[in-house]
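Undergrad: Got a structure for you, final_3.txt, holding compact mmCIF, C-alpha atoms.
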```
# COMPACT_ATOMS: atom_id res chain seq x y z
CA ARG H 153 -10.99 8.20 24.82
CA CYS H 154 -9.40 7.46 28.17
CA LEU H 155 -11.63 6.14 30.93
CA GLY H 156 -10.91 5.32 34.52
CA GLY H 157 -12.28 4.87 38.04
CA PRO H 158 -16.06 5.07 38.30
CA GLU H 159 -16.43 5.49 34.53
CA VAL H 160 -15.36 1.87 33.91
CA PRO H 161 -18.48 -0.35 33.71
CA PHE H 162 -18.64 -2.80 36.68
CA GLY H 163 -15.51 -1.18 38.18
CA VAL H 164 -11.93 -2.30 37.66
CA GLY H 165 -12.42 -5.91 38.75
CA PRO H 166 -12.84 -8.96 36.49
CA VAL H 167 -16.18 -9.69 34.81
CA PHE H 168 -17.27 -13.15 33.62
CA ALA H 169 -18.77 -13.49 30.15
CA THR H 170 -18.50 -16.17 27.49
CA GLY H 171 -20.13 -16.85 24.15
CA SER H 172 -20.35 -15.34 20.71
CA ILE H 173 -21.92 -12.23 19.21
CA ARG H 174 -24.13 -12.84 16.18
CA GLU H 175 -24.57 -10.44 13.28
CA ASP H 176 -27.82 -9.13 14.80
CA GLY H 177 -26.06 -8.37 18.08
CA ALA H 178 -27.55 -11.31 20.00
CA PHE H 179 -25.30 -13.31 22.31
CA GLY H 180 -24.81 -16.96 21.32
CA ALA H 181 -24.02 -20.11 23.26
CA ALA H 182 -20.59 -21.20 24.50
CA GLY H 183 -19.13 -24.59 25.28
CA ALA H 184 -17.68 -25.78 28.63
CA LEU H 185 -19.74 -23.18 30.47
CA ILE H 186 -19.51 -24.83 33.89
CA HIS H 187 -15.72 -25.35 33.71
CA LYS H 188 -15.20 -21.75 32.63
CA LEU H 189 -17.29 -20.37 35.51
CA GLN H 190 -15.59 -22.64 38.06
CA ALA H 191 -12.17 -21.43 36.88
CA PHE H 192 -13.36 -17.82 37.11
CA VAL H 193 -14.68 -18.31 40.66
CA ARG H 194 -11.34 -19.79 41.77
CA GLU H 195 -9.39 -16.75 40.55
CA ALA H 196 -11.76 -13.79 40.85
CA PRO H 197 -12.82 -11.95 44.01
CA CYS H 198 -16.08 -13.06 45.60
CA ASP H 199 -19.22 -11.40 44.21
CA SER H 200 -17.63 -10.46 40.90
CA PHE H 201 -20.06 -9.68 38.10
CA ALA H 202 -21.09 -12.35 35.58
CA LEU H 203 -22.90 -11.46 32.37
CA LEU H 204 -25.09 -14.38 31.34
CA THR H 205 -27.79 -15.05 28.79
CA ALA H 206 -31.11 -16.38 30.07
CA ALA H 207 -30.23 -19.82 28.72
CA GLN H 208 -26.83 -19.79 30.45
CA LEU H 209 -28.41 -18.71 33.75
CA SER H 210 -30.99 -21.49 33.53
CA TYR H 211 -28.33 -24.09 32.77
CA LEU H 212 -26.03 -23.00 35.60
CA SER H 213 -28.93 -22.85 38.07
CA ALA H 214 -29.64 -26.51 37.32
CA HIS H 215 -26.08 -27.85 37.01
CA ALA H 216 -23.70 -25.56 38.96
CA PRO H 217 -25.68 -23.64 41.61
CA GLU H 218 -22.66 -23.30 43.95
CA SER H 219 -20.54 -21.55 41.33
CA LEU H 220 -23.46 -19.38 40.31
CA ALA H 221 -24.03 -18.30 43.91
CA ALA H 222 -20.44 -17.04 44.09
CA VAL H 223 -21.01 -14.34 41.42
CA ARG H 224 -23.43 -11.47 40.85
CA ALA H 225 -25.29 -12.63 37.76
CA ILE H 226 -26.75 -10.11 35.32
CA VAL H 227 -28.94 -11.35 32.47
CA VAL H 228 -28.22 -9.84 29.04
CA GLY H 229 -29.49 -11.12 25.70
CA ASN H 230 -27.75 -8.87 23.21
CA VAL H 231 -25.47 -5.87 22.82
CA THR H 232 -28.35 -3.41 23.16
CA SER H 233 -29.53 -4.82 26.48
CA LEU H 234 -25.91 -4.81 27.70
CA LEU H 235 -25.42 -1.12 26.91
CA GLN H 236 -28.75 -0.27 28.54
CA LEU H 237 -27.51 -1.48 31.93
CA PRO H 238 -27.05 1.32 34.49
CA HIS H 239 -23.37 0.39 34.75
CA PHE H 240 -22.81 1.85 31.27
CA ILE H 241 -24.53 5.20 31.87
CA PRO H 242 -21.39 7.08 33.05
CA VAL H 243 -19.19 5.84 30.22
CA LEU H 244 -21.83 6.49 27.54
CA GLU H 245 -22.43 10.00 28.87
CA ARG H 246 -18.70 10.62 28.75
CA LEU H 247 -18.36 9.29 25.20
CA GLN H 248 -21.39 11.22 23.94
CA GLY H 249 -20.34 14.46 25.56
CA PRO H 250 -17.94 17.09 24.20
CA PRO H 251 -14.26 16.16 24.14
CA HIS H 252 -11.83 17.63 26.58
CA PRO H 253 -9.61 20.20 24.81
CA SER H 254 -6.58 17.99 25.38
CA GLU H 255 -8.26 15.15 23.47
CA VAL H 256 -8.75 16.98 20.19
CA ASP H 257 -5.10 16.76 19.09
CA GLU H 258 -4.98 13.03 19.80
CA LEU H 259 -8.21 12.46 17.88
CA LEU H 260 -6.84 14.39 14.90
CA TRP H 261 -3.64 12.37 15.06
CA ASN H 262 -5.71 9.17 14.97
CA MET H 263 -7.74 10.50 12.04
CA ASP H 264 -4.53 11.25 10.14
CA ARG H 265 -3.44 7.64 10.69
CA LEU H 266 -6.80 6.28 9.57
CA SER H 267 -6.74 8.40 6.41
CA ARG H 268 -3.20 7.33 5.60
CA ALA H 269 -4.44 3.73 5.82
CA THR H 270 -7.25 4.69 3.38
CA ARG H 271 -9.82 4.15 6.13
CA PHE H 272 -11.55 7.37 5.15
CA SER H 273 -15.01 6.43 6.43
CA ASP H 274 -13.67 5.71 9.94
CA ALA H 275 -11.86 9.06 10.02
CA ALA H 276 -14.97 10.81 8.68
CA SER H 277 -17.16 9.34 11.44
CA ILE H 278 -14.93 10.85 14.11
CA ALA H 279 -14.65 14.15 12.23
CA ASP H 280 -18.41 14.52 11.76
CA TRP H 281 -18.95 14.01 15.49
CA LEU H 282 -16.19 16.46 16.43
CA LEU H 283 -17.40 19.19 14.06
CA SER H 284 -20.36 19.91 16.33
CA GLN H 285 -17.98 20.32 19.29
CA VAL H 286 -15.15 22.43 17.79
CA SER H 287 -15.25 26.04 16.56
CA SER H 288 -11.55 26.97 16.28
CA PRO H 289 -10.72 27.58 12.55
CA PRO H 290 -7.40 25.62 12.53
CA TYR H 291 -9.09 22.59 14.08
CA ARG H 292 -12.27 23.00 12.08
CA ILE H 293 -10.53 23.09 8.69
CA ARG H 294 -8.73 19.82 9.44
CA LEU H 295 -11.96 18.16 10.58
CA LEU H 296 -13.77 19.31 7.44
CA LEU H 297 -11.04 17.81 5.25
CA HIS H 298 -11.31 14.48 7.05
CA ALA H 299 -15.10 14.51 6.95
CA GLY H 300 -15.15 15.35 3.24
CA SER H 301 -12.46 12.87 2.16
CA SER H 302 -14.72 9.84 2.57
CA PRO H 303 -17.52 10.97 0.21
CA LEU H 304 -14.90 12.39 -2.19
CA HIS H 305 -13.09 9.05 -2.32
CA GLU H 306 -16.39 7.23 -2.89
CA GLY H 307 -17.66 9.65 -5.56
CA ARG H 308 -20.57 11.00 -3.48
CA LEU H 309 -19.99 14.48 -4.86
CA SER H 310 -23.31 16.01 -3.77
CA GLN H 311 -22.31 15.28 -0.18
CA VAL H 312 -18.80 16.63 -0.75
CA SER H 313 -20.13 20.06 -1.73
CA GLY H 314 -21.49 20.70 1.75
CA TYR H 315 -18.03 20.33 3.29
CA SER H 316 -16.34 22.19 0.44
CA ARG H 317 -18.43 25.32 0.95
CA GLU H 318 -17.16 25.74 4.50
CA VAL H 319 -13.61 24.82 3.48
CA ARG H 320 -13.71 27.63 0.91
CA SER H 321 -15.02 30.07 3.51
CA LEU H 322 -12.07 29.27 5.79
CA LEU H 323 -9.45 29.25 3.05
CA THR H 324 -8.95 33.02 3.18
CA SER H 325 -8.56 33.07 6.96
CA ASN H 326 -5.09 33.88 8.24
CA ASP H 327 -5.92 31.90 11.38
CA ILE H 328 -5.59 28.47 9.75
CA GLY H 329 -1.91 28.80 8.73
CA ALA H 330 -0.04 27.93 5.54
CA GLU H 331 -0.07 24.15 6.08
CA ASN H 332 -3.84 23.99 6.43
CA LYS H 333 -4.34 26.40 3.52
CA VAL H 334 -2.32 24.17 1.21
CA ARG H 335 -4.10 21.05 2.46
CA ALA H 336 -7.47 22.71 1.89
CA ALA H 337 -6.52 23.88 -1.61
CA THR H 338 -5.29 20.39 -2.47
CA TYR H 339 -8.59 18.91 -1.27
CA LEU H 340 -10.65 21.38 -3.32
CA ALA H 341 -8.46 20.75 -6.36
CA ALA H 342 -8.99 16.99 -5.94
CA GLU H 343 -12.73 17.68 -5.91
CA ALA H 344 -12.33 19.72 -9.10
CA PHE H 345 -10.54 16.76 -10.69
CA GLU H 346 -13.50 14.50 -9.89
CA THR H 347 -16.11 16.98 -11.12
CA GLY H 348 -14.25 17.74 -14.36
CA GLU H 349 -13.57 21.38 -13.41
CA TRP H 350 -9.90 20.97 -14.16
CA HIS H 351 -9.08 24.57 -15.03
CA ASP H 352 -10.69 25.73 -11.77
CA GLY H 353 -8.57 23.22 -9.87
CA ILE H 354 -5.36 24.50 -11.45
CA SER H 355 -6.38 28.10 -10.78
CA LEU H 356 -7.02 27.31 -7.12
CA LEU H 357 -3.62 25.67 -6.71
CA GLU H 358 -1.90 28.62 -8.38
CA GLN H 359 -3.52 31.02 -5.90
CA LEU H 360 -2.00 29.09 -2.99
CA GLU H 361 1.41 28.38 -4.53
CA SER H 362 2.99 31.26 -2.61
CA GLU H 363 2.26 29.41 0.66
CA LEU H 364 4.30 26.34 -0.31
CA SER H 365 7.55 27.63 1.16
CA HIS H 366 5.89 27.63 4.59
CA CYS H 367 4.46 24.14 4.16
CA SER H 368 5.73 20.66 5.10
CA ALA H 369 7.23 18.32 2.53
CA ALA H 370 4.17 16.06 2.82
CA GLY H 371 1.84 18.97 2.12
CA ARG H 372 3.90 20.11 -0.86
CA SER H 373 4.10 16.57 -2.23
CA ARG H 374 0.32 16.16 -2.15
CA PHE H 375 -0.08 19.61 -3.72
CA PHE H 376 2.09 18.66 -6.71
CA GLY H 377 0.55 15.20 -6.90
CA THR H 378 -2.92 16.68 -7.29
CA ARG H 379 -1.54 19.20 -9.79
CA SER H 380 -0.17 16.32 -11.85
CA LYS H 381 -3.59 14.64 -11.99
CA LEU H 382 -5.19 17.87 -13.19
CA MET H 383 -2.49 18.43 -15.81
CA ARG H 384 -2.96 14.88 -17.01
CA ALA H 385 -6.70 15.49 -17.34
CA LEU H 386 -5.97 18.66 -19.34
CA LYS H 387 -3.56 16.69 -21.57
CA ARG H 388 -0.66 18.88 -20.56
CA TRP H 389 1.61 15.87 -20.50
CA ASP H 390 4.97 17.52 -19.77
CA ASP H 391 3.48 19.50 -16.89
CA ALA H 392 1.88 16.31 -15.52
CA VAL H 393 5.24 14.50 -15.53
CA GLU H 394 7.08 17.49 -14.04
CA SER H 395 4.56 17.92 -11.21
CA ALA H 396 4.57 14.21 -10.36
CA SER H 397 8.37 14.19 -10.41
CA THR H 398 8.40 17.07 -7.93
CA ALA H 399 5.84 15.28 -5.74
CA PHE H 400 7.99 12.14 -5.62
CA TYR H 401 11.21 14.13 -5.07
CA LEU H 402 9.71 15.82 -2.00
CA ALA H 403 8.13 12.65 -0.59
CA GLU H 404 11.21 10.49 -1.14
CA ARG H 405 13.39 12.87 0.86
CA ALA H 406 11.13 14.05 3.67
CA ALA H 407 7.70 12.37 3.56
CA ALA H 408 8.41 8.72 2.77
CA ALA H 409 4.91 7.56 3.76
CA ASP H 410 3.58 9.42 0.70
CA ALA H 411 6.36 8.39 -1.69
CA GLY H 412 4.59 5.32 -3.08
CA THR H 413 1.52 7.33 -4.03
CA ALA H 414 3.61 10.07 -5.62
CA LEU H 415 5.68 7.53 -7.54
CA ASN H 416 2.56 5.87 -8.96
CA LEU H 417 1.31 9.28 -10.12
CA LEU H 418 4.62 9.78 -11.93
CA ILE H 419 4.35 6.35 -13.56
CA HIS H 420 0.82 7.15 -14.74
CA ALA H 421 1.92 10.49 -16.20
CA LEU H 422 4.84 8.84 -18.02
CA LEU H 423 2.61 6.15 -19.49
CA ARG H 424 0.12 8.70 -20.79
CA ARG H 425 2.80 10.94 -22.29
CA GLY H 426 4.57 7.96 -23.80
CA SER H 427 1.39 6.71 -25.45
CA VAL H 428 0.54 10.14 -26.94
CA PHE H 429 3.97 10.91 -28.37
CA GLY H 430 5.22 7.37 -28.92
CA ARG H 431 8.17 7.95 -26.60
CA ASP H 432 9.83 4.62 -25.85
CA GLU H 433 11.97 6.24 -23.18
CA ASP H 434 8.84 7.12 -21.18
CA PHE H 435 7.66 3.51 -21.26
CA THR H 436 11.14 2.30 -20.31
CA ARG H 437 11.32 4.67 -17.36
CA ALA H 438 7.74 3.87 -16.28
CA THR H 439 8.58 0.15 -16.32
CA GLU H 440 11.67 0.69 -14.18
CA LEU H 441 9.74 2.84 -11.72
CA LEU H 442 6.94 0.26 -11.52
CA HIS H 443 9.47 -2.34 -10.38
CA SER H 444 10.79 0.14 -7.83
CA SER H 445 7.30 1.01 -6.61
CA VAL H 446 6.55 -2.64 -5.85
CA ALA H 447 9.99 -3.55 -4.49
CA ASN H 448 10.94 -0.41 -2.57
CA TRP H 449 7.84 1.65 -1.82
CA THR H 450 5.16 -0.85 -0.81
CA PRO H 451 4.10 0.20 2.72
CA LEU H 452 4.98 -2.18 5.54
CA ASP H 453 3.31 -0.41 8.45
CA ASP H 454 -0.32 -1.12 7.56
CA GLU H 455 -1.93 -4.01 5.69
CA ASN H 456 -4.65 -1.85 4.21
CA ARG H 457 -2.10 0.60 2.80
CA ARG H 458 -0.02 -2.29 1.44
CA LEU H 459 -2.97 -3.81 -0.42
CA ASN H 460 -4.07 -0.43 -1.72
CA HIS H 461 -0.60 0.39 -3.06
CA LEU H 462 -0.12 -3.00 -4.71
CA GLY H 463 -3.61 -2.76 -6.22
CA PHE H 464 -2.73 0.47 -8.00
CA CYS H 465 0.61 -0.99 -9.09
CA ARG H 466 -1.31 -3.82 -10.77
CA HIS H 467 -3.62 -1.26 -12.39
CA LEU H 468 -0.60 0.56 -13.82
CA GLN H 469 0.90 -2.71 -15.04
CA ALA H 470 -2.36 -3.54 -16.80
CA GLU H 471 -2.53 -0.05 -18.30
CA ARG H 472 1.06 -0.31 -19.52
CA ALA H 473 0.21 -3.62 -21.21
CA ARG H 474 -2.84 -2.04 -22.88
CA LEU H 475 -0.90 0.92 -24.20
CA LEU H 476 1.86 -1.34 -25.56
CA THR H 477 -0.75 -3.82 -26.91
CA VAL H 478 0.74 -6.80 -25.11
CA PRO H 479 -1.26 -9.44 -23.17
CA TYR H 480 -1.69 -8.99 -19.43
CA ARG H 481 -2.33 -11.82 -17.00
CA LEU H 482 -5.02 -10.80 -14.53
CA GLU H 483 -4.65 -12.24 -11.05
CA ALA H 484 -7.50 -14.02 -9.31
CA SER H 485 -10.45 -11.97 -8.11
CA PRO H 486 -9.75 -10.09 -4.89
CA VAL H 487 -11.04 -11.68 -1.72
CA SER H 488 -10.75 -8.71 0.64
CA PRO H 489 -12.61 -5.37 0.58
CA GLN H 490 -9.28 -3.54 0.36
CA GLN H 491 -8.49 -5.28 -2.95
CA SER H 492 -11.93 -4.88 -4.52
CA GLY H 493 -12.03 -1.10 -4.79
CA HIS H 494 -11.07 1.38 -7.48
CA SER H 495 -7.73 -0.18 -8.44
CA TRP H 496 -9.39 -3.53 -9.22
CA ILE H 497 -11.97 -1.78 -11.42
CA PHE H 498 -9.23 0.10 -13.29
CA GLU H 499 -7.24 -3.10 -13.74
CA LEU H 500 -10.28 -4.88 -15.20
CA LEU H 501 -11.03 -1.91 -17.44
CA ALA H 502 -7.49 -1.95 -18.85
CA CYS H 503 -7.82 -5.67 -19.55
CA ALA H 504 -11.18 -5.21 -21.30
CA ARG H 505 -9.70 -2.44 -23.50
CA ASN H 506 -6.49 -4.30 -24.32
CA ARG H 507 -6.47 -5.10 -28.07
CA ALA H 508 -3.89 -7.82 -27.51
CA HIS H 509 -6.65 -9.89 -25.92
CA GLY H 510 -9.13 -11.79 -28.07
CA SER H 511 -12.75 -10.63 -28.37
CA ASP H 512 -14.08 -13.39 -26.10
CA LEU H 513 -11.55 -12.57 -23.39
CA ARG H 514 -12.29 -8.86 -23.61
CA LEU H 515 -16.02 -9.56 -23.28
CA HIS H 516 -15.26 -11.77 -20.30
CA TYR H 517 -13.34 -8.94 -18.62
CA GLY H 518 -16.18 -6.56 -19.46
CA HIS H 519 -18.67 -8.87 -17.73
CA ARG H 520 -16.43 -9.09 -14.67
CA LEU H 521 -16.13 -5.31 -14.75
CA GLN H 522 -19.92 -4.95 -14.49
CA ILE H 523 -19.99 -7.34 -11.53
CA GLY H 524 -17.03 -5.62 -9.87
CA ARG H 525 -18.54 -2.13 -10.17
CA ALA H 526 -21.61 -3.27 -8.25
CA HIS H 527 -19.43 -3.96 -5.20
CA VAL H 528 -17.38 -0.74 -5.16
```
Take the structure in this file and express it as structure tokens.
TA:
Amino acid sequence: RCLGGPEVPFGVGPVFATGSIREDGAFGAAGALIHKLQAFVREAPCDSFALLTAAQLSYLSAHAPESLAAVRAIVVGNVTSLLQLPHFIPVLERLQGPPHPSEVDELLWNMDRLSRATRFSDAASIADWLLSQVSSPPYRIRLLLHAGSSPLHEGRLSQVSGYSREVRSLLTSNDIGAENKVRAATYLAAEAFETGEWHDGISLLEQLESELSHCSAAGRSRFFGTRSKLMRALKRWDDAVESASTAFYLAERAAAADAGTALNLLIHALLRRGSVFGRDEDFTRATELLHSSVANWTPLDDENRRLNHLGFCRHLQAERARLLTVPYRLEASPVSPQQSGHSWIFELLACARNRAHGSDLRLHYGHRLQIGRAHV
């Protein structure tokens, strides 16, 4: 949120501070303290603020009293004591208060970006705060979808139901528009996929299918992508492939940011249909599309999205190897949180189930799977 003038702590002038912040929020020591303060005093206006720990103040009082006298020293020991200073009262009151109407659109835009980068919990934190401030149905439905996406992604389904009830109550409102109706139906259908209520999810999507002509390509792509997952769960293999193909067709032409996800759904549907009916052409096409997904549709605009996409590509490669009963070489354990989520678990699971691997190796993957699940 934009701040200016008197709302900026300590005003718009420079403020001296140096050191580290520990995990508990305490401020740590810093080297070359005297040289840093002397350089600050040379460049900054007289009587500028200096935030110092008690140890730093004591050291400067003994070894650089002239430089210390040139600034207005304030003793702070940790982040909490810093935020409790009267200088922060205006900005904290502003941040804790209701948003200005002109800020809501920008906040929603930022939440859309966070969700696209699979930072669902960050988007949900903003949405949960805004929900108590916003009553307009079009805004409220979008906030509910952001707030509910984090627990849905993490499998906290009891928490999801609270958001879903209000989403359902708004779904019949003409005020929210076709785009938001389709987004809401897609969210509820995704919930139905997770809870195993697959027929209910399909029924819900069918009820909103008439709104698709008034919806964006991105909204339609996600609609058909979710439909493909439900059809796959219901073992309606041809419908799963057809829906995923439509999702990718729409995303490729007018919603490229979603194309990688849609393409991976198509690959998954092809692999499942190919394994059930023994269709070599499905495996051939899935293999070609996997190469394309990695080479052409890996996101470049966000590192988190890139890792997430490549993680699911590796999962699909491992699943393809399992279904074809060929060995799969698992890469080293992920070192970042983005790589250690659902795709890593699915990749390990495919390796543990792969009959081309020996019993000892499969048991090894099963042990790693147990360890990996504890960190997801």
Undergrad: Interatomic distance between CA of Glu361 in chain H and CA of Ala269 in chain H?
TA: 27.4 Å
Undergrad: Using CA of Thr170 in chain H and CA of Val223 in chain H as the two end points, give the distance in Å to one decimal.
TA: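 Going from CA of Thr170 in chain H over to CA of Val223 in chain H covers 14.3 Å.
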Undergrad: Calculate how many Å separate CA of Glu349 in chain H from CA of Ala407 in chain H, rounding to one decimal.
TA: 28.7 Å
Undergrad: Give me, as a ChimeraX atom specification, all polymer residues having an atom no more than 8 Å from Ala508 in chain H, counting only C-alpha atoms and skipping those fewer than 5 positions away in the same chain.
TA: /H:474,477-479
Undergrad: Any chance you could export the current selection's C-alpha atoms as an mmCIF file, in the coordinates of the input?
TA:
```cif
data_model
loop_
_atom_site.group_PDB
_atom_site.id
_atom_site.type_symbol
_atom_site.label_atom_id
_atom_site.label_comp_id
_atom_site.auth_asym_id
_atom_site.auth_seq_id
_atom_site.Cartn_x
_atom_site.Cartn_y
_atom_site.Cartn_z
ATOM 1 C CA ARG H 474 -2.840 -2.040 -22.880
ATOM 2 C CA THR H 477 -0.750 -3.820 -26.910
ATOM 3 C CA VAL H 478 0.740 -6.800 -25.110
ATOM 4 C CA PRO H 479 -1.260 -9.440 -23.170
#
```
Undergrad: Name the residues in contact with His443 in chain H at a cut-off of 12 Å, using all atoms listed in the file, excluding same-chain residues fewer than 5 positions from it; report them as a list of chain:residue names.
TA: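 Within the cut-off, the hits are H:Gly412, H:Leu415, H:Asn416, H:Ile419, H:Thr436, H:Arg437, H:Ala438, H:Asn448, H:Trp449, H:Thr450, H:Leu462, H:Cys465, H:Arg466, H:Leu468, H:Gln469.
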Undergrad: Leaving out Asp390 in chain H and any residue of its chain fewer than 5 positions from it, which residues lie within 9 Å of it when counting all atoms listed in the file, given as a list of chain:residue names?
TA: H:Met383, H:Arg384, H:Ser395, H:Ala421, H:Leu422, H:Arg425
Undergrad: Rank H:Phe400, H:Phe240, H:Phe429, H:Trp496 by their smallest atom-to-atom distance to Leu441 in chain H, using all atoms listed in the file, and report the top residue only.
TA: H:Phe400
Undergrad: Enclose the full set of atoms of range 193-204 of chain H listed in the file within a box whose edges lie along x, y and z, apply 5 Å of padding to each of the six sides, and report centre and edge lengths in Å to one decimal as lines of an AutoDock Vina configuration file.
TA:
```
center_x = -17.2
center_y = -14.7
center_z = 38.5
size_x = 25.7
size_y = 20.1
size_z = 24.3
```
Undergrad: Near range 249-255 of chain H, counting only C-alpha atoms, which residues have an atom at most 9 Å away, once you skip same-chain residues fewer than 4 positions from it, shown as a PDB file with C-alpha atoms, keeping the file's coordinate frame?
TA:
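Okay, this is what ended up in out07.pdb:
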```pdb
ATOM      1  CA  ARG H 153     -10.990   8.200  24.820  1.00  0.00           C
ATOM      2  CA  LEU H 244     -21.830   6.490  27.540  1.00  0.00           C
ATOM      3  CA  GLU H 245     -22.430  10.000  28.870  1.00  0.00           C
ATOM      4  CA  LEU H 259      -8.210  12.460  17.880  1.00  0.00           C
ATOM      5  CA  LEU H 260      -6.840  14.390  14.900  1.00  0.00           C
ATOM      6  CA  LEU H 282     -16.190  16.460  16.430  1.00  0.00           C
ATOM      7  CA  SER H 284     -20.360  19.910  16.330  1.00  0.00           C
ATOM      8  CA  GLN H 285     -17.980  20.320  19.290  1.00  0.00           C
ATOM      9  CA  VAL H 286     -15.150  22.430  17.790  1.00  0.00           C
TER      10      VAL H 286
END
```
Undergrad: Show me, as a PDB file with C-alpha atoms, in the coordinates of the input, the residues that have an atom within 7 Å of Thr338 in chain H when counting only C-alpha atoms, minus same-chain residues fewer than 6 positions from it.
TA:
```
ATOM      1  CA  LEU H 357      -3.620  25.670  -6.710  1.00  0.00           C
ATOM      2  CA  PHE H 375      -0.080  19.610  -3.720  1.00  0.00           C
ATOM      3  CA  THR H 378      -2.920  16.680  -7.290  1.00  0.00           C
TER       4      THR H 378
END
```
Undergrad: Rank H:Leu417, H:Val312, H:Ala206, H:Ala470 by their smallest atom-to-atom distance to Phe498 in chain H, using all atoms listed in the file, and report the top residue only.
TA: H:Ala470
Undergrad: Counting all atoms listed in the file, figure out which residue out of H:Asp512, H:Glu499, H:Asp264, H:Asp199 gets nearest to Leu297 in chain H.
TA: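 Of H:Asp512, H:Glu499, H:Asp264, H:Asp199, the one nearest Leu297 in chain H, counting all atoms listed in the file, is H:Asp264.
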Undergrad: Name the residues within 12 Å of (-23.8, -20.1, 40.8), counting only C-alpha atoms in the file's coordinates, and put them as a short mmCIF file (atom, residue, chain, number, x, y, z; two decimals) with C-alpha atoms, in the frame of the given file.
TA:
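Done, and the output landed in result_6.cif:
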```
data_model
loop_
_atom_site.label_atom_id
_atom_site.label_comp_id
_atom_site.auth_asym_id
_atom_site.auth_seq_id
_atom_site.Cartn_x
_atom_site.Cartn_y
_atom_site.Cartn_z
CA PHE H 168 -17.27 -13.15 33.62
CA LEU H 185 -19.74 -23.18 30.47
CA ILE H 186 -19.51 -24.83 33.89
CA HIS H 187 -15.72 -25.35 33.71
CA LYS H 188 -15.20 -21.75 32.63
CA LEU H 189 -17.29 -20.37 35.51
CA GLN H 190 -15.59 -22.64 38.06
CA PHE H 192 -13.36 -17.82 37.11
CA VAL H 193 -14.68 -18.31 40.66
CA CYS H 198 -16.08 -13.06 45.60
CA ASP H 199 -19.22 -11.40 44.21
CA SER H 200 -17.63 -10.46 40.90
CA PHE H 201 -20.06 -9.68 38.10
CA ALA H 202 -21.09 -12.35 35.58
CA LEU H 204 -25.09 -14.38 31.34
CA GLN H 208 -26.83 -19.79 30.45
CA LEU H 209 -28.41 -18.71 33.75
CA SER H 210 -30.99 -21.49 33.53
CA TYR H 211 -28.33 -24.09 32.77
CA LEU H 212 -26.03 -23.00 35.60
CA SER H 213 -28.93 -22.85 38.07
CA ALA H 214 -29.64 -26.51 37.32
CA HIS H 215 -26.08 -27.85 37.01
CA ALA H 216 -23.70 -25.56 38.96
CA PRO H 217 -25.68 -23.64 41.61
CA GLU H 218 -22.66 -23.30 43.95
CA SER H 219 -20.54 -21.55 41.33
CA LEU H 220 -23.46 -19.38 40.31
CA ALA H 221 -24.03 -18.30 43.91
CA ALA H 222 -20.44 -17.04 44.09
CA VAL H 223 -21.01 -14.34 41.42
CA ARG H 224 -23.43 -11.47 40.85
CA ALA H 225 -25.29 -12.63 37.76
CA ILE H 226 -26.75 -10.11 35.32
#
```
Undergrad: Looking at H:Val256, H:Ser397, H:Ser267, H:Leu386, which one is nearest to Ser287 in chain H, with distances taken over all atoms listed in the file?
TA: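 Among the listed residues, H:Val256 lies closest to Ser287 in chain H.
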Undergrad: For His494 in chain H, which residue among H:Ala207, H:Val228, H:Leu418, H:Leu459 is the nearest when counting all atoms listed in the file?
TA: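 Using all atoms listed in the file, the shortest distance to His494 in chain H belongs to H:Leu459.
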